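The structure appears below as structure tokens.
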Amino acid sequence: MKLPLHYNEHDFIPAYHGIATFMGCAHTRNTADADFAIVGVPLDSGAASWRSGTRQGPRSIRENSLQIWGHNRHLNITPKREFKVVDFGDVVLEPINLAEAAENITATTSAILETNTQQLTLGGDHSITHPLLKAHAEKYGPLAVIHIDSHTDTYQNLEYLEHGNPFWLAMRDGYIDPAAYIQVGIRGPQSEPGEIEEAQSIGARVVTIEECFELGMPALAELVRQHVGDRAVYISLDIDGVDPAYAPGTGTPEVGGFTSFQMLWLLRGLTGLNIVGADLVEVNPLYDAGAMTSILAANLAFELLCLMGVSKREN
Ligand SMILES: [Mn+2]
């Protein structure tokens with residue numbers, strides 16, 4: 001076979017070739033004609049509770065996304081062929097000043113949404129979801145939110161943003177519809193009694209890991225779908241929702257979570273929704289082993305992109 005002098009983005013490209021964009025998508029800051037933009041937010045300034053390093057997340061996920069060839073048999077979609085998917089690169093961030101970083105995340109996201117492009121964000125610690133929800137709520141109104149995590153992230157003891165309270169602050173600021181906010185996979189030792197009640201007090205439907213496993217993945221997905229209904233929905237996936245045996249590369253791991261297959265199974269059950277945005281956060285390559293967390297994260301991001309594609313077909 002005679003090789004062409006230049007690959008184009010739909011050619012078969014060996015996974016070790018070239019500059020590592022997400023799944024080999026073309027890099028551009030111009031999203032005017034794009035359906036979906038992959039956006040990195042390399043930030044760990046909000047990781048106040050334990051180990052920093054999620055600033056390395058987006059690059060590692062991109063590098064480990066290149067052997068995802070493109071067709072999703074389970075959802076029957078080939079998103080890069082059916083839609084224009086671009087890799088925007090990263091939000092420009094001020095690492096020392098989290099408030100300024102959050103402003104840039106909102107401003108960049110708003111500019112992308114303004115071009116009628118949907119955004120899939122690669123974090124970054126979970127604090128980034130507050131400014132992301134702000135930009136999406138400004139366009140769509142208060143959002144239904146599917147929040148998959150081991151932690152509630154609705155701690156109300158701090159006024160300033162960090163990765164333990166983005167959903168409390170987003171609820172306080174009116175970005176989330178309290179009737180359609182669901183937390184999935186909650187577990188682990190808590191800092192004090194009443195954390196789940198604290199989440200419930202602001203409207204969260206808290207599905208603990210016990211309830212998840214008692215239901216099983218298809219029934220869990222159905223419960224999630226019923227809770228958000230036909231509202232505009234944002235999906236926020238914290239990689240620590242997965243068990244650290246499968247995803248050790250994260251800042252605050254909690255044992256006893258989903259297997260990688262259970263997480264894939266759950267996501268593949270979330271069809272039939274009106275998805276307007278998604279993020280995947282808390283990947284910390286500094287604690288990874290053989291890139292297994294970044295490889296899983298890249299595959300979960302692919303599933304999210306496919307879900308967004310299925311949703312875009314229908315809405
Ligand atoms: Mn979280």
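Going by the structure tokens order, chains are called A, B, ..., each with residues numbered from 1, while ligands are numbered from 1 in the order shown.
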
Please provide the set of residues having any atom within 6 Å of segment 16-33 of chain A, restricted to only C-alpha atoms, with same-chain residues fewer than 3 positions apart removed, written as a CSV table (one decimal) with all heavy atoms, in the first residue's frame.
chain,number,residue,atom,x,y,z
A,62,ARG,N,-6.3,12.7,26.3
A,62,ARG,CA,-6.1,12.8,24.9
A,62,ARG,C,-5.2,11.8,24.4
A,62,ARG,O,-5.4,11.1,23.4
A,62,ARG,CB,-5.6,14.3,24.5
A,62,ARG,CG,-6.7,15.3,24.7
A,62,ARG,CD,-6.1,16.7,24.1
A,62,ARG,NE,-7.1,17.7,24.1
A,62,ARG,CZ,-7.3,18.7,24.9
A,62,ARG,NH1,-6.4,18.8,25.9
A,62,ARG,NH2,-8.2,19.6,24.8
A,63,GLU,N,-4.0,11.7,25.0
A,63,GLU,CA,-3.0,10.8,24.5
A,63,GLU,C,-3.5,9.3,24.5
A,63,GLU,O,-3.2,8.5,23.6
A,63,GLU,CB,-1.7,10.8,25.4
A,63,GLU,CG,-0.7,9.9,25.0
A,63,GLU,CD,0.7,10.2,25.6
A,63,GLU,OE1,0.9,11.3,26.1
A,63,GLU,OE2,1.5,9.3,25.5
A,65,SER,N,-6.6,8.4,24.1
A,65,SER,CA,-7.9,8.3,23.4
A,65,SER,C,-7.6,7.9,21.9
A,65,SER,O,-8.6,7.6,21.2
A,65,SER,CB,-8.6,9.7,23.3
A,65,SER,OG,-7.9,10.6,22.5
A,66,LEU,N,-6.4,7.8,21.5
A,66,LEU,CA,-6.1,7.7,20.1
A,66,LEU,C,-6.3,6.3,19.6
A,66,LEU,O,-6.3,6.0,18.4
A,66,LEU,CB,-4.6,8.2,19.8
A,66,LEU,CG,-4.6,9.7,20.0
A,66,LEU,CD1,-3.2,10.2,20.2
A,66,LEU,CD2,-5.2,10.3,18.7
A,86,VAL,N,-14.6,18.7,17.0
A,86,VAL,CA,-13.3,19.3,17.0
A,86,VAL,C,-12.7,19.2,18.4
A,86,VAL,O,-13.4,19.1,19.4
A,86,VAL,CB,-13.4,20.8,16.5
A,86,VAL,CG1,-13.9,20.8,15.1
A,86,VAL,CG2,-14.2,21.6,17.5
A,87,ASP,N,-11.4,19.3,18.5
A,87,ASP,CA,-10.7,19.4,19.7
A,87,ASP,C,-10.3,20.9,19.9
A,87,ASP,O,-9.4,21.3,19.2
A,87,ASP,CB,-9.5,18.5,19.8
A,87,ASP,CG,-8.9,18.4,21.2
A,87,ASP,OD1,-9.0,19.4,21.9
A,87,ASP,OD2,-8.4,17.4,21.6
A,88,PHE,N,-11.0,21.6,20.8
A,88,PHE,CA,-10.7,23.0,21.0
A,88,PHE,C,-9.4,23.3,21.7
A,88,PHE,O,-8.9,24.4,21.6
A,88,PHE,CB,-11.9,23.5,21.8
A,88,PHE,CG,-11.8,25.0,22.2
A,88,PHE,CD1,-12.3,26.0,21.3
A,88,PHE,CD2,-11.3,25.4,23.4
A,88,PHE,CE1,-12.3,27.3,21.6
A,88,PHE,CE2,-11.2,26.8,23.7
A,88,PHE,CZ,-11.7,27.7,22.8
A,115,THR,N,-21.9,29.4,19.5
A,115,THR,CA,-21.8,29.0,18.1
A,115,THR,C,-22.7,27.8,17.8
A,115,THR,O,-22.5,27.1,16.8
A,115,THR,CB,-20.4,28.7,17.7
A,115,THR,OG1,-19.9,27.6,18.5
A,115,THR,CG2,-19.5,29.9,18.0

Give the residue list for ligand 1 at 6 Å, counting only C-alpha atoms and all ligand atoms, as an MDAnalysis selection string, sorted by chain and then by residue number. chainID A and resid 126 149 151 153 238

Take the selection from the previous step and output its residues with N, CA, C and O atoms, as a short mmCIF file (atom, residue, chain, number, x, y, z; two decimals), in the first residue's frame.
data_model
loop_
_atom_site.label_atom_id
_atom_site.label_comp_id
_atom_site.auth_asym_id
_atom_site.auth_seq_id
_atom_site.Cartn_x
_atom_site.Cartn_y
_atom_site.Cartn_z
N HIS A 126 -13.16 18.71 40.25
CA HIS A 126 -14.60 18.86 40.09
C HIS A 126 -15.09 20.30 40.30
O HIS A 126 -16.25 20.61 39.97
N ASP A 149 -20.63 9.96 40.90
CA ASP A 149 -19.52 10.33 41.79
C ASP A 149 -19.55 9.39 42.99
O ASP A 149 -20.57 8.76 43.28
N HIS A 151 -18.62 10.94 45.88
CA HIS A 151 -18.85 11.99 46.88
C HIS A 151 -20.05 12.85 46.47
O HIS A 151 -20.30 13.03 45.28
N ASP A 153 -20.35 16.12 46.90
CA ASP A 153 -19.90 17.43 46.38
C ASP A 153 -20.95 18.52 46.58
O ASP A 153 -21.06 19.46 45.79
N ASP A 238 -17.56 12.05 37.60
CA ASP A 238 -16.31 12.05 38.37
C ASP A 238 -15.72 10.65 38.28
O ASP A 238 -16.38 9.67 38.62
#

Out of segment 134-284 of chain A, which residues get helix (DSSP H, G or I) from DSSP, as a count of residues only? 52

Residue with smallest distance to Ile186 of chain A - pool A:Gly257, A:Leu215, A:His136, A:Val85, counting only C-alpha atoms: A:Gly257

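With only C-alpha atoms as the atoms that count, the residue of A:Arg172, A:His163, A:Arg225, A:Arg268 with the shortest distance to Ser45 of chain A is A:His163.
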
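Among the candidates A:Met171, A:Leu264, A:Ala180, A:Leu43, the one nearest to Ala232 of chain A when counting only C-alpha atoms is A:Ala180.
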
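Closest to Ile128 of chain A among A:Arg187, A:His74, A:Arg81, A:Arg55 is A:Arg55, based on only C-alpha atoms.
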
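The residue set within 9 Å of Glu254 of chain A, counting only C-alpha atoms and dropping same-chain residues fewer than 3 places from it, reads Ser150, His151, Arg187, Gly188, Pro189, Asp240, Gly241, Val242, Asp243, Pro244 and Gly257 of chain A.
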
For those residues, write N, CA and C atoms to a file as a PDB file, in the first residue's frame.
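Result went into out.pdb, see below:
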ATOM      1  N   SER A 150     -18.432   9.312  43.726  1.00  0.00           N
ATOM      2  CA  SER A 150     -18.481   8.653  45.033  1.00  0.00           C
ATOM      3  C   SER A 150     -18.840   9.646  46.140  1.00  0.00           C
ATOM      4  N   HIS A 151     -18.621  10.944  45.877  1.00  0.00           N
ATOM      5  CA  HIS A 151     -18.850  11.992  46.883  1.00  0.00           C
ATOM      6  C   HIS A 151     -20.046  12.851  46.474  1.00  0.00           C
ATOM      7  N   ARG A 187     -20.833   6.947  48.180  1.00  0.00           N
ATOM      8  CA  ARG A 187     -20.309   5.955  49.127  1.00  0.00           C
ATOM      9  C   ARG A 187     -19.144   6.544  49.918  1.00  0.00           C
ATOM     10  N   GLY A 188     -18.596   5.720  50.775  1.00  0.00           N
ATOM     11  CA  GLY A 188     -17.343   6.034  51.438  1.00  0.00           C
ATOM     12  C   GLY A 188     -17.523   6.655  52.808  1.00  0.00           C
ATOM     13  N   PRO A 189     -16.428   6.690  53.567  1.00  0.00           N
ATOM     14  CA  PRO A 189     -16.480   7.355  54.874  1.00  0.00           C
ATOM     15  C   PRO A 189     -16.806   8.825  54.691  1.00  0.00           C
ATOM     16  N   ASP A 240     -13.848   9.147  40.086  1.00  0.00           N
ATOM     17  CA  ASP A 240     -13.816   8.393  41.341  1.00  0.00           C
ATOM     18  C   ASP A 240     -15.151   7.703  41.641  1.00  0.00           C
ATOM     19  N   GLY A 241     -16.139   7.864  40.769  1.00  0.00           N
ATOM     20  CA  GLY A 241     -17.314   7.004  40.825  1.00  0.00           C
ATOM     21  C   GLY A 241     -16.956   5.551  40.533  1.00  0.00           C
ATOM     22  N   VAL A 242     -15.898   5.373  39.734  1.00  0.00           N
ATOM     23  CA  VAL A 242     -15.405   4.023  39.433  1.00  0.00           C
ATOM     24  C   VAL A 242     -14.507   3.567  40.588  1.00  0.00           C
ATOM     25  N   ASP A 243     -14.504   2.290  40.867  1.00  0.00           N
ATOM     26  CA  ASP A 243     -13.662   1.735  41.931  1.00  0.00           C
ATOM     27  C   ASP A 243     -12.179   1.999  41.634  1.00  0.00           C
ATOM     28  N   PRO A 244     -11.401   2.339  42.669  1.00  0.00           N
ATOM     29  CA  PRO A 244      -9.963   2.587  42.434  1.00  0.00           C
ATOM     30  C   PRO A 244      -9.190   1.359  41.947  1.00  0.00           C
ATOM     31  N   GLY A 257     -16.597   0.801  44.527  1.00  0.00           N
ATOM     32  CA  GLY A 257     -17.410   1.483  43.517  1.00  0.00           C
ATOM     33  C   GLY A 257     -17.722   0.622  42.310  1.00  0.00           C
TER      34      GLY A 257
END

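Among A:Ser260, A:Asn274, A:Gln200, A:Gln56, the residue with the shortest atom-to-atom distance to Ile295 of chain A, counting only C-alpha atoms, is A:Ser260.
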
Shell around Val92 of chain A at 9 Å using only C-alpha atoms, local window under 5 positions removed, as an MDAnalysis selection string: chainID A and resid 41:42 101 104:105 108

Generate the output file for the selected residues, N, CA, C and O atoms, as a JSON list (two decimals), in the first residue's frame.
[["chain", "number", "residue", "atom", "x", "y", "z"],
["A", 41, "VAL", "N", -9.80, 21.33, 30.55],
["A", 41, "VAL", "CA", -9.67, 22.31, 31.63],
["A", 41, "VAL", "C", -8.62, 21.76, 32.60],
["A", 41, "VAL", "O", -8.94, 21.09, 33.58],
["A", 42, "PRO", "N", -7.34, 22.05, 32.33],
["A", 42, "PRO", "CA", -6.25, 21.46, 33.12],
["A", 42, "PRO", "C", -6.04, 22.24, 34.42],
["A", 42, "PRO", "O", -5.19, 23.11, 34.52],
["A", 101, "ALA", "N", -9.89, 31.71, 37.18],
["A", 101, "ALA", "CA", -9.94, 30.52, 36.33],
["A", 101, "ALA", "C", -11.39, 30.18, 36.02],
["A", 101, "ALA", "O", -11.75, 29.87, 34.87],
["A", 104, "ASN", "N", -12.83, 32.36, 33.38],
["A", 104, "ASN", "CA", -12.38, 31.99, 32.04],
["A", 104, "ASN", "C", -13.11, 30.75, 31.53],
["A", 104, "ASN", "O", -13.41, 30.63, 30.34],
["A", 105, "ILE", "N", -13.37, 29.79, 32.44],
["A", 105, "ILE", "CA", -14.08, 28.58, 32.04],
["A", 105, "ILE", "C", -15.48, 28.94, 31.55],
["A", 105, "ILE", "O", -15.94, 28.47, 30.50],
["A", 108, "THR", "N", -15.20, 31.04, 28.13],
["A", 108, "THR", "CA", -14.83, 30.20, 26.99],
["A", 108, "THR", "C", -15.99, 29.29, 26.60],
["A", 108, "THR", "O", -16.32, 29.15, 25.41]]
